[in-house]
$ cat upload-v6.cif   # mmCIF, N, CA and C atoms
data_protein
loop_
_atom_site.label_atom_id
_atom_site.label_comp_id
_atom_site.auth_asym_id
_atom_site.auth_seq_id
_atom_site.Cartn_x
_atom_site.Cartn_y
_atom_site.Cartn_z
N MET A 1449 49.75 -70.85 2.12
CA MET A 1449 49.36 -69.67 2.88
C MET A 1449 50.15 -69.66 4.19
N ALA A 1450 50.64 -68.53 4.58
CA ALA A 1450 51.45 -68.40 5.80
C ALA A 1450 50.57 -68.61 7.02
N PRO A 1451 51.08 -69.23 8.09
CA PRO A 1451 50.28 -69.50 9.28
C PRO A 1451 49.75 -68.23 9.94
N GLU A 1452 50.51 -67.13 9.88
CA GLU A 1452 50.06 -65.90 10.55
C GLU A 1452 48.92 -65.22 9.79
N ALA A 1453 48.70 -65.54 8.51
CA ALA A 1453 47.65 -64.92 7.70
C ALA A 1453 46.34 -65.69 7.80
N ARG A 1454 46.35 -66.90 8.30
CA ARG A 1454 45.15 -67.73 8.38
C ARG A 1454 44.38 -67.40 9.67
N ALA A 1455 43.05 -67.20 9.53
CA ALA A 1455 42.23 -66.92 10.71
C ALA A 1455 41.69 -68.24 11.25
N SER A 1456 41.74 -68.41 12.54
CA SER A 1456 41.23 -69.64 13.13
C SER A 1456 39.71 -69.62 13.18
N PRO A 1457 39.07 -70.77 13.15
CA PRO A 1457 37.61 -70.81 13.24
C PRO A 1457 37.09 -70.18 14.53
N ARG A 1458 37.85 -70.31 15.57
CA ARG A 1458 37.46 -69.72 16.86
C ARG A 1458 37.43 -68.19 16.77
N LEU A 1459 38.44 -67.61 16.11
CA LEU A 1459 38.50 -66.16 15.93
C LEU A 1459 37.36 -65.68 15.04
N LEU A 1460 37.06 -66.43 13.98
CA LEU A 1460 35.95 -66.06 13.10
C LEU A 1460 34.61 -66.11 13.84
N LEU A 1461 34.41 -67.12 14.67
CA LEU A 1461 33.19 -67.24 15.44
C LEU A 1461 33.05 -66.07 16.42
N ARG A 1462 34.14 -65.71 17.07
CA ARG A 1462 34.12 -64.58 18.01
C ARG A 1462 33.78 -63.28 17.29
N ALA A 1463 34.36 -63.07 16.09
CA ALA A 1463 34.08 -61.86 15.31
C ALA A 1463 32.61 -61.82 14.87
N ALA A 1464 32.07 -62.97 14.48
CA ALA A 1464 30.67 -63.04 14.06
C ALA A 1464 29.74 -62.74 15.24
N LEU A 1465 30.06 -63.27 16.42
CA LEU A 1465 29.23 -63.01 17.60
C LEU A 1465 29.29 -61.54 18.01
N LEU A 1466 30.46 -60.92 17.91
CA LEU A 1466 30.58 -59.50 18.23
C LEU A 1466 29.76 -58.66 17.26
N LEU A 1467 29.79 -59.01 15.99
CA LEU A 1467 29.00 -58.29 15.00
C LEU A 1467 27.52 -58.46 15.26
N LEU A 1468 27.09 -59.66 15.57
CA LEU A 1468 25.68 -59.92 15.89
C LEU A 1468 25.26 -59.15 17.14
N ALA A 1469 26.09 -59.12 18.14
CA ALA A 1469 25.78 -58.40 19.38
C ALA A 1469 25.67 -56.90 19.12
N ALA A 1470 26.47 -56.38 18.21
CA ALA A 1470 26.42 -54.95 17.90
C ALA A 1470 25.14 -54.61 17.14
N LEU A 1471 24.68 -55.50 16.29
CA LEU A 1471 23.48 -55.24 15.49
C LEU A 1471 22.19 -55.56 16.22
N LEU A 1472 22.22 -56.41 17.20
CA LEU A 1472 21.01 -56.85 17.90
C LEU A 1472 20.23 -55.72 18.54
N PRO A 1473 20.85 -54.76 19.28
CA PRO A 1473 20.07 -53.69 19.87
C PRO A 1473 19.35 -52.83 18.82
N VAL A 1474 19.96 -52.65 17.67
CA VAL A 1474 19.33 -51.85 16.61
C VAL A 1474 18.08 -52.56 16.11
N ALA A 1475 18.15 -53.85 15.90
CA ALA A 1475 17.01 -54.59 15.38
C ALA A 1475 15.88 -54.69 16.40
N THR A 1476 16.19 -54.89 17.67
CA THR A 1476 15.14 -55.07 18.66
C THR A 1476 14.54 -53.75 19.12
N SER A 1477 15.27 -52.64 19.03
CA SER A 1477 14.73 -51.37 19.48
C SER A 1477 13.69 -50.84 18.50
N ALA A 1478 13.67 -51.35 17.28
CA ALA A 1478 12.72 -50.88 16.29
C ALA A 1478 11.31 -51.39 16.57
N GLY A 1479 11.17 -52.42 17.36
CA GLY A 1479 9.86 -52.95 17.69
C GLY A 1479 9.41 -53.96 16.66
N PRO A 1480 8.20 -54.48 16.86
CA PRO A 1480 7.70 -55.49 15.92
C PRO A 1480 7.41 -54.86 14.56
N PRO A 1481 7.44 -55.67 13.51
CA PRO A 1481 7.18 -55.11 12.18
C PRO A 1481 5.73 -54.66 12.04
N GLU A 1482 5.52 -53.71 11.17
CA GLU A 1482 4.18 -53.19 10.93
C GLU A 1482 3.37 -54.22 10.14
N LYS A 1483 2.04 -54.08 10.22
CA LYS A 1483 1.17 -55.02 9.51
C LYS A 1483 0.61 -54.42 8.23
N GLU A 1484 0.66 -53.09 8.10
CA GLU A 1484 0.10 -52.42 6.94
C GLU A 1484 1.02 -51.28 6.51
N VAL A 1485 0.86 -50.84 5.25
CA VAL A 1485 1.62 -49.68 4.79
C VAL A 1485 1.12 -48.46 5.56
N PRO A 1486 1.97 -47.45 5.74
CA PRO A 1486 1.56 -46.27 6.53
C PRO A 1486 0.58 -45.38 5.76
N ASN A 1487 -0.09 -44.51 6.52
CA ASN A 1487 -0.93 -43.48 5.91
C ASN A 1487 -0.04 -42.42 5.30
N LYS A 1488 -0.60 -41.64 4.37
CA LYS A 1488 0.18 -40.60 3.71
C LYS A 1488 0.39 -39.41 4.63
N PRO A 1489 1.47 -38.65 4.42
CA PRO A 1489 1.72 -37.45 5.23
C PRO A 1489 0.60 -36.42 5.02
N LEU A 1490 0.43 -35.56 6.01
CA LEU A 1490 -0.64 -34.56 5.97
C LEU A 1490 -0.09 -33.15 5.79
N ARG A 1491 -0.90 -32.29 5.22
CA ARG A 1491 -0.64 -30.85 5.10
C ARG A 1491 0.75 -30.51 4.55
N MET A 1492 1.11 -31.12 3.46
CA MET A 1492 2.40 -30.81 2.86
C MET A 1492 2.34 -29.42 2.22
N ARG A 1493 3.32 -28.58 2.56
CA ARG A 1493 3.43 -27.23 2.02
C ARG A 1493 4.79 -27.08 1.36
N VAL A 1494 4.80 -26.37 0.23
CA VAL A 1494 6.05 -26.10 -0.48
C VAL A 1494 6.16 -24.61 -0.70
N ARG A 1495 7.28 -24.04 -0.27
CA ARG A 1495 7.56 -22.62 -0.48
C ARG A 1495 8.79 -22.50 -1.36
N ALA A 1496 8.69 -21.61 -2.36
CA ALA A 1496 9.76 -21.50 -3.34
C ALA A 1496 10.50 -20.18 -3.22
N SER A 1497 11.80 -20.21 -3.48
CA SER A 1497 12.60 -19.01 -3.65
C SER A 1497 13.24 -19.14 -5.03
N ASP A 1498 14.27 -18.37 -5.31
CA ASP A 1498 14.85 -18.43 -6.65
C ASP A 1498 15.64 -19.71 -6.92
N ASP A 1499 16.24 -20.32 -5.89
CA ASP A 1499 17.06 -21.51 -6.14
C ASP A 1499 16.82 -22.64 -5.13
N ARG A 1500 15.73 -22.57 -4.39
CA ARG A 1500 15.46 -23.63 -3.41
C ARG A 1500 13.97 -23.77 -3.15
N LEU A 1501 13.61 -24.95 -2.63
CA LEU A 1501 12.23 -25.22 -2.20
C LEU A 1501 12.28 -25.66 -0.74
N SER A 1502 11.40 -25.11 0.06
CA SER A 1502 11.26 -25.52 1.46
C SER A 1502 9.98 -26.33 1.57
N VAL A 1503 10.09 -27.56 2.05
CA VAL A 1503 8.95 -28.47 2.15
C VAL A 1503 8.70 -28.74 3.63
N ALA A 1504 7.44 -28.65 4.04
CA ALA A 1504 7.05 -28.95 5.43
C ALA A 1504 5.79 -29.80 5.40
N TRP A 1505 5.59 -30.65 6.43
CA TRP A 1505 4.43 -31.53 6.48
C TRP A 1505 4.14 -31.93 7.90
N LYS A 1506 2.98 -32.55 8.10
CA LYS A 1506 2.58 -33.11 9.39
C LYS A 1506 2.67 -34.63 9.31
N ALA A 1507 2.81 -35.26 10.46
CA ALA A 1507 2.88 -36.72 10.52
C ALA A 1507 1.56 -37.33 10.06
N PRO A 1508 1.60 -38.52 9.48
CA PRO A 1508 0.36 -39.17 9.07
C PRO A 1508 -0.51 -39.54 10.26
N ARG A 1509 -1.80 -39.70 10.02
CA ARG A 1509 -2.69 -40.17 11.09
C ARG A 1509 -2.31 -41.61 11.45
N LEU A 1510 -2.52 -41.96 12.69
CA LEU A 1510 -2.25 -43.32 13.19
C LEU A 1510 -0.81 -43.76 12.91
N SER A 1511 0.14 -42.87 13.22
CA SER A 1511 1.54 -43.21 12.96
C SER A 1511 2.34 -43.41 14.24
N GLY A 1512 1.65 -43.58 15.37
CA GLY A 1512 2.32 -43.75 16.65
C GLY A 1512 3.05 -45.07 16.76
N ALA A 1513 3.80 -45.24 17.83
CA ALA A 1513 4.67 -46.41 18.02
C ALA A 1513 3.90 -47.72 18.07
N LYS A 1514 2.65 -47.71 18.54
CA LYS A 1514 1.89 -48.96 18.68
C LYS A 1514 0.95 -49.21 17.50
N SER A 1515 0.94 -48.31 16.56
CA SER A 1515 0.03 -48.44 15.41
C SER A 1515 0.53 -49.49 14.42
N PRO A 1516 -0.38 -50.28 13.82
CA PRO A 1516 0.04 -51.24 12.79
C PRO A 1516 0.44 -50.53 11.49
N ARG A 1517 0.15 -49.21 11.40
CA ARG A 1517 0.49 -48.43 10.21
C ARG A 1517 1.57 -47.39 10.51
N ARG A 1518 2.34 -47.58 11.56
CA ARG A 1518 3.29 -46.54 11.95
C ARG A 1518 4.31 -46.26 10.84
N SER A 1519 4.79 -45.04 10.86
CA SER A 1519 5.75 -44.59 9.86
C SER A 1519 7.16 -44.72 10.41
N ARG A 1520 8.06 -45.24 9.59
CA ARG A 1520 9.48 -45.37 9.98
C ARG A 1520 10.33 -44.28 9.34
N GLY A 1521 9.73 -43.51 8.43
CA GLY A 1521 10.48 -42.46 7.76
C GLY A 1521 9.68 -41.93 6.58
N PHE A 1522 10.34 -41.09 5.78
CA PHE A 1522 9.68 -40.47 4.63
C PHE A 1522 10.59 -40.56 3.42
N LEU A 1523 9.99 -40.51 2.25
CA LEU A 1523 10.74 -40.47 1.01
C LEU A 1523 10.27 -39.24 0.25
N LEU A 1524 11.18 -38.27 0.11
CA LEU A 1524 10.89 -37.01 -0.57
C LEU A 1524 11.45 -37.09 -1.98
N GLY A 1525 10.59 -36.84 -2.97
CA GLY A 1525 11.01 -36.84 -4.36
C GLY A 1525 10.83 -35.46 -4.95
N TYR A 1526 11.72 -35.07 -5.86
CA TYR A 1526 11.56 -33.78 -6.53
C TYR A 1526 12.24 -33.84 -7.89
N GLY A 1527 11.72 -33.04 -8.80
CA GLY A 1527 12.32 -32.97 -10.13
C GLY A 1527 11.59 -31.94 -10.97
N GLU A 1528 12.28 -31.47 -12.00
CA GLU A 1528 11.65 -30.53 -12.92
C GLU A 1528 10.54 -31.28 -13.64
N SER A 1529 9.48 -30.57 -13.94
CA SER A 1529 8.32 -31.17 -14.57
C SER A 1529 8.72 -31.92 -15.84
N GLY A 1530 8.35 -33.20 -15.91
CA GLY A 1530 8.65 -34.01 -17.08
C GLY A 1530 10.06 -34.57 -17.12
N ARG A 1531 10.84 -34.42 -16.06
CA ARG A 1531 12.22 -34.93 -16.05
C ARG A 1531 12.39 -35.96 -14.94
N LYS A 1532 13.60 -36.46 -14.82
CA LYS A 1532 13.95 -37.46 -13.81
C LYS A 1532 13.73 -36.92 -12.40
N MET A 1533 13.18 -37.76 -11.54
CA MET A 1533 12.96 -37.39 -10.15
C MET A 1533 14.19 -37.78 -9.32
N ASN A 1534 14.51 -36.97 -8.33
CA ASN A 1534 15.55 -37.27 -7.34
C ASN A 1534 14.84 -37.60 -6.04
N TYR A 1535 15.36 -38.57 -5.29
CA TYR A 1535 14.72 -38.99 -4.04
C TYR A 1535 15.68 -38.84 -2.87
N VAL A 1536 15.11 -38.37 -1.75
CA VAL A 1536 15.88 -38.17 -0.52
C VAL A 1536 15.17 -38.91 0.61
N PRO A 1537 15.80 -39.93 1.23
CA PRO A 1537 15.19 -40.59 2.39
C PRO A 1537 15.34 -39.69 3.63
N LEU A 1538 14.28 -39.61 4.42
CA LEU A 1538 14.28 -38.77 5.62
C LEU A 1538 13.86 -39.61 6.82
N THR A 1539 14.28 -39.19 8.01
CA THR A 1539 13.94 -39.92 9.23
C THR A 1539 12.49 -39.67 9.62
N ARG A 1540 11.99 -40.50 10.52
CA ARG A 1540 10.58 -40.37 10.93
C ARG A 1540 10.31 -39.12 11.76
N ASP A 1541 11.36 -38.51 12.33
CA ASP A 1541 11.17 -37.32 13.16
C ASP A 1541 11.23 -36.02 12.36
N GLU A 1542 11.69 -36.07 11.13
CA GLU A 1542 11.79 -34.86 10.32
C GLU A 1542 10.40 -34.41 9.85
N ARG A 1543 10.17 -33.11 9.89
CA ARG A 1543 8.90 -32.54 9.43
C ARG A 1543 9.12 -31.44 8.42
N SER A 1544 10.37 -31.22 8.02
CA SER A 1544 10.67 -30.22 6.98
C SER A 1544 12.00 -30.58 6.33
N HIS A 1545 12.16 -30.07 5.11
CA HIS A 1545 13.40 -30.31 4.38
C HIS A 1545 13.56 -29.20 3.36
N GLU A 1546 14.80 -28.80 3.11
CA GLU A 1546 15.08 -27.76 2.12
C GLU A 1546 15.85 -28.37 0.96
N ILE A 1547 15.33 -28.17 -0.24
CA ILE A 1547 15.98 -28.65 -1.46
C ILE A 1547 16.71 -27.46 -2.07
N LYS A 1548 18.02 -27.60 -2.25
CA LYS A 1548 18.84 -26.46 -2.68
C LYS A 1548 19.39 -26.68 -4.09
N LYS A 1549 20.01 -25.61 -4.61
CA LYS A 1549 20.69 -25.61 -5.91
C LYS A 1549 19.74 -25.98 -7.05
N LEU A 1550 18.61 -25.31 -7.11
CA LEU A 1550 17.64 -25.54 -8.18
C LEU A 1550 17.72 -24.42 -9.21
N ALA A 1551 17.18 -24.67 -10.38
CA ALA A 1551 17.15 -23.67 -11.44
C ALA A 1551 16.04 -22.66 -11.15
N SER A 1552 16.31 -21.40 -11.44
CA SER A 1552 15.27 -20.39 -11.24
C SER A 1552 14.25 -20.44 -12.38
N GLU A 1553 13.07 -19.93 -12.11
CA GLU A 1553 11.97 -19.89 -13.07
C GLU A 1553 11.67 -21.26 -13.68
N SER A 1554 11.66 -22.29 -12.83
CA SER A 1554 11.38 -23.66 -13.29
C SER A 1554 10.26 -24.26 -12.46
N VAL A 1555 9.47 -25.10 -13.10
CA VAL A 1555 8.39 -25.80 -12.39
C VAL A 1555 8.96 -27.12 -11.86
N TYR A 1556 8.80 -27.35 -10.57
CA TYR A 1556 9.24 -28.58 -9.93
C TYR A 1556 8.03 -29.33 -9.38
N VAL A 1557 8.08 -30.65 -9.48
CA VAL A 1557 7.08 -31.51 -8.87
C VAL A 1557 7.73 -32.10 -7.62
N VAL A 1558 7.02 -32.02 -6.49
CA VAL A 1558 7.52 -32.55 -5.22
C VAL A 1558 6.56 -33.64 -4.76
N SER A 1559 7.10 -34.79 -4.37
CA SER A 1559 6.27 -35.87 -3.84
C SER A 1559 6.79 -36.25 -2.46
N LEU A 1560 5.88 -36.71 -1.61
CA LEU A 1560 6.27 -37.14 -0.26
C LEU A 1560 5.47 -38.38 0.10
N GLN A 1561 6.16 -39.41 0.61
CA GLN A 1561 5.54 -40.65 1.03
C GLN A 1561 6.05 -41.04 2.41
N SER A 1562 5.19 -41.68 3.20
CA SER A 1562 5.61 -42.30 4.46
C SER A 1562 6.09 -43.71 4.11
N THR A 1563 7.07 -44.20 4.87
CA THR A 1563 7.57 -45.55 4.63
C THR A 1563 7.62 -46.35 5.92
N ASN A 1564 7.48 -47.65 5.79
CA ASN A 1564 7.71 -48.58 6.89
C ASN A 1564 8.11 -49.93 6.29
N SER A 1565 8.17 -50.98 7.11
CA SER A 1565 8.65 -52.27 6.63
C SER A 1565 7.72 -52.91 5.61
N GLN A 1566 6.47 -52.48 5.56
CA GLN A 1566 5.51 -53.04 4.61
C GLN A 1566 5.49 -52.32 3.27
N GLY A 1567 6.11 -51.15 3.20
CA GLY A 1567 6.15 -50.43 1.93
C GLY A 1567 5.99 -48.94 2.11
N GLN A 1568 5.42 -48.29 1.09
CA GLN A 1568 5.28 -46.84 1.07
C GLN A 1568 3.82 -46.46 0.95
N SER A 1569 3.49 -45.31 1.55
CA SER A 1569 2.13 -44.80 1.47
C SER A 1569 1.85 -44.26 0.08
N GLN A 1570 0.60 -43.87 -0.14
CA GLN A 1570 0.29 -43.15 -1.36
C GLN A 1570 1.05 -41.82 -1.33
N PRO A 1571 1.58 -41.38 -2.45
CA PRO A 1571 2.32 -40.11 -2.45
C PRO A 1571 1.39 -38.91 -2.39
N VAL A 1572 1.91 -37.84 -1.82
CA VAL A 1572 1.25 -36.54 -1.85
C VAL A 1572 2.08 -35.70 -2.81
N TYR A 1573 1.44 -35.06 -3.77
CA TYR A 1573 2.15 -34.28 -4.79
C TYR A 1573 1.85 -32.79 -4.64
N ARG A 1574 2.86 -31.99 -4.93
CA ARG A 1574 2.70 -30.53 -5.02
C ARG A 1574 3.60 -30.06 -6.16
N ALA A 1575 3.15 -29.00 -6.84
CA ALA A 1575 3.97 -28.37 -7.87
C ALA A 1575 4.38 -27.00 -7.36
N ALA A 1576 5.58 -26.57 -7.70
CA ALA A 1576 6.08 -25.27 -7.26
C ALA A 1576 6.91 -24.64 -8.36
N LEU A 1577 6.81 -23.34 -8.48
CA LEU A 1577 7.58 -22.58 -9.46
C LEU A 1577 8.64 -21.79 -8.72
N THR A 1578 9.92 -22.06 -9.04
CA THR A 1578 10.99 -21.27 -8.42
C THR A 1578 10.93 -19.86 -9.00
N LYS A 1579 11.32 -18.91 -8.19
CA LYS A 1579 11.21 -17.50 -8.57
C LYS A 1579 12.35 -17.08 -9.49
N ARG A 1580 12.17 -15.93 -10.08
CA ARG A 1580 13.18 -15.37 -10.97
C ARG A 1580 14.32 -14.81 -10.13
N LYS A 1581 15.55 -15.07 -10.58
CA LYS A 1581 16.71 -14.49 -9.89
C LYS A 1581 16.80 -13.02 -10.22
N HIS A 1582 17.06 -12.22 -9.24
CA HIS A 1582 17.22 -10.78 -9.45
C HIS A 1582 18.67 -10.49 -9.76
N ALA A 1583 18.94 -10.15 -11.00
CA ALA A 1583 20.30 -9.80 -11.40
C ALA A 1583 20.52 -8.32 -11.14
N GLU A 1584 21.77 -7.94 -10.99
CA GLU A 1584 22.08 -6.54 -10.70
C GLU A 1584 21.62 -5.62 -11.81
N GLU A 1585 21.70 -6.06 -13.06
CA GLU A 1585 21.30 -5.19 -14.16
C GLU A 1585 19.78 -5.02 -14.23
N ASP A 1586 19.03 -5.91 -13.57
CA ASP A 1586 17.57 -5.77 -13.54
C ASP A 1586 17.13 -4.62 -12.64
N GLU A 1587 17.96 -4.30 -11.68
CA GLU A 1587 17.60 -3.25 -10.74
C GLU A 1587 17.76 -1.89 -11.42
N LEU A 1588 16.90 -0.97 -11.06
CA LEU A 1588 16.99 0.38 -11.62
C LEU A 1588 18.14 1.13 -10.99
N ASP A 1589 18.86 1.85 -11.83
CA ASP A 1589 19.94 2.70 -11.31
C ASP A 1589 19.31 3.98 -10.74
N VAL A 1590 19.65 4.27 -9.53
CA VAL A 1590 19.13 5.48 -8.89
C VAL A 1590 20.23 6.53 -8.95
N PRO A 1591 20.00 7.62 -9.70
CA PRO A 1591 21.04 8.65 -9.77
C PRO A 1591 21.24 9.32 -8.42
N GLU A 1592 22.49 9.61 -8.13
CA GLU A 1592 22.79 10.22 -6.83
C GLU A 1592 22.70 11.74 -6.89
N ASP A 1593 23.29 12.36 -7.89
CA ASP A 1593 23.26 13.82 -8.00
C ASP A 1593 22.58 14.21 -9.32
N ILE A 1594 21.59 15.03 -9.22
CA ILE A 1594 20.90 15.49 -10.41
C ILE A 1594 20.94 17.02 -10.43
N SER A 1595 21.36 17.55 -11.56
CA SER A 1595 21.30 19.01 -11.74
C SER A 1595 20.29 19.26 -12.84
N VAL A 1596 19.40 20.16 -12.56
CA VAL A 1596 18.38 20.50 -13.55
C VAL A 1596 18.52 21.98 -13.88
N ARG A 1597 18.58 22.31 -15.16
CA ARG A 1597 18.61 23.71 -15.62
C ARG A 1597 17.26 24.07 -16.17
N VAL A 1598 16.82 25.21 -15.78
CA VAL A 1598 15.53 25.68 -16.27
C VAL A 1598 15.70 26.91 -17.11
#
$ encode --input "upload-v6.cif" --output "structure tokens"
Amino acid sequence: MAPEARASPRLLLRAALLLLAALLPVATSAGPPEKEVPNKPLRMRVRASDDRLSVAWKAPRLSGAKSPRRSRGFLLGYGESGRKMNYVPLTRDERSHEIKKLASESVYVVSLQSTNSQGQSQPVYRAALTKRKHAEEDELDVPEDISVRV
């Protein structure tokens, strides 16, 4: 191996310490670990359009910074009834999310859980039916000029 390609132990130690110093504020700013799984989110609402679902919710009870059950984020799941679920991790400050590019006239199951270092809350489930897409041919043609002979 060429001498210029070999890393010295001193350089490796310095790189490791820099990496540790960069990660340390992230780990300590999170606070002490929770003692229990978080409570479930409250008042989850789902509104449907033809190709999307809008989901909104309230924070769980006892989810503040000093709570042993505080929430660190949410896990939103969705899928057509009886099919594979897709999951989206969300931050603890988010209270709404829009799911796009869905099939029209389909039943979707939506689940929402709070998460922290101890695990996930019980899920809250809602079902929603996406609306029918309005195609141009579905609309009635309105005649512009009509002549009537009597």
$ axis_aligned_box --input "upload-v6.cif" --around "range 1535-1538 of chain A" --padding-each-side "8 Å" --output "JSON"
{"center_x": 14.9, "center_y": -39.4, "center_z": 0.8, "size_x": 18.0, "size_y": 18.4, "size_z": 28.1}
$ residues_around --input "upload-v6.cif" --residues "Asn1564 in chain A" --least-positions-apart "3" --cutoff "7 Å" --atoms "only C-alpha atoms" --output "ChimeraX atom specification"
/A:1485-1486,1519-1521,1567-1568
$ resolve_selection --input "upload-v6.cif" --expression "the PyMOL selection byres (((chain A and resi 1573 and name CA) around 10) and name CA)" --output "PyMOL selection string"
chain A and resi 1492-1493+1525-1526+1557-1561+1570-1572+1574-1575
$ residues_around --input "upload-v6.cif" --residues "Ala1551 in chain A" --least-positions-apart "3" --cutoff "8 Å" --atoms "only N, CA and C atoms" --output "ChimeraX atom specification"
/A:1497-1500,1548,1554-1555,1577-1581
$ atom_distance --input "upload-v6.cif" --atom1 "CA of Glu1482 in chain A" --atom2 "CA of Thr1563 in chain A"
10.5 Å
$ atom_distance --input "upload-v6.cif" --atom1 "CA of Glu1542 in chain A" --atom2 "CA of Ala1496 in chain A"
19.2 Å
$ atom_distance --input "upload-v6.cif" --atom1 "CA of Lys1532 in chain A" --atom2 "CA of Val1503 in chain A"
19.0 Å
$ closest_residue --input "upload-v6.cif" --among "A:Ala1507, A:Leu1501, A:Leu1523, A:Leu1490" --to "Ile1547 in chain A" --atoms "only C-alpha atoms"
A:Leu1501
$ residues_around --input "upload-v6.cif" --residues "Glu1484 in chain A" --least-positions-apart "4" --cutoff "7 Å" --atoms "all atoms listed in the file" --output "mmCIF file with N, CA and C atoms, in the coordinates of the input"
data_model
loop_
_atom_site.group_PDB
_atom_site.id
_atom_site.type_symbol
_atom_site.label_atom_id
_atom_site.label_comp_id
_atom_site.auth_asym_id
_atom_site.auth_seq_id
_atom_site.Cartn_x
_atom_site.Cartn_y
_atom_site.Cartn_z
ATOM 1 N N PRO A 1516 -0.380 -50.280 13.820
ATOM 2 C CA PRO A 1516 0.040 -51.240 12.790
ATOM 3 C C PRO A 1516 0.440 -50.530 11.490
ATOM 4 N N ARG A 1517 0.150 -49.210 11.400
ATOM 5 C CA ARG A 1517 0.490 -48.430 10.210
ATOM 6 C C ARG A 1517 1.570 -47.390 10.510
ATOM 7 N N ARG A 1518 2.340 -47.580 11.560
ATOM 8 C CA ARG A 1518 3.290 -46.540 11.950
ATOM 9 C C ARG A 1518 4.310 -46.260 10.840
ATOM 10 N N SER A 1565 8.170 -50.980 7.110
ATOM 11 C CA SER A 1565 8.650 -52.270 6.630
ATOM 12 C C SER A 1565 7.720 -52.910 5.610
ATOM 13 N N GLN A 1566 6.470 -52.480 5.560
ATOM 14 C CA GLN A 1566 5.510 -53.040 4.610
ATOM 15 C C GLN A 1566 5.490 -52.320 3.270
ATOM 16 N N GLY A 1567 6.110 -51.150 3.200
ATOM 17 C CA GLY A 1567 6.150 -50.430 1.930
ATOM 18 C C GLY A 1567 5.990 -48.940 2.110
#
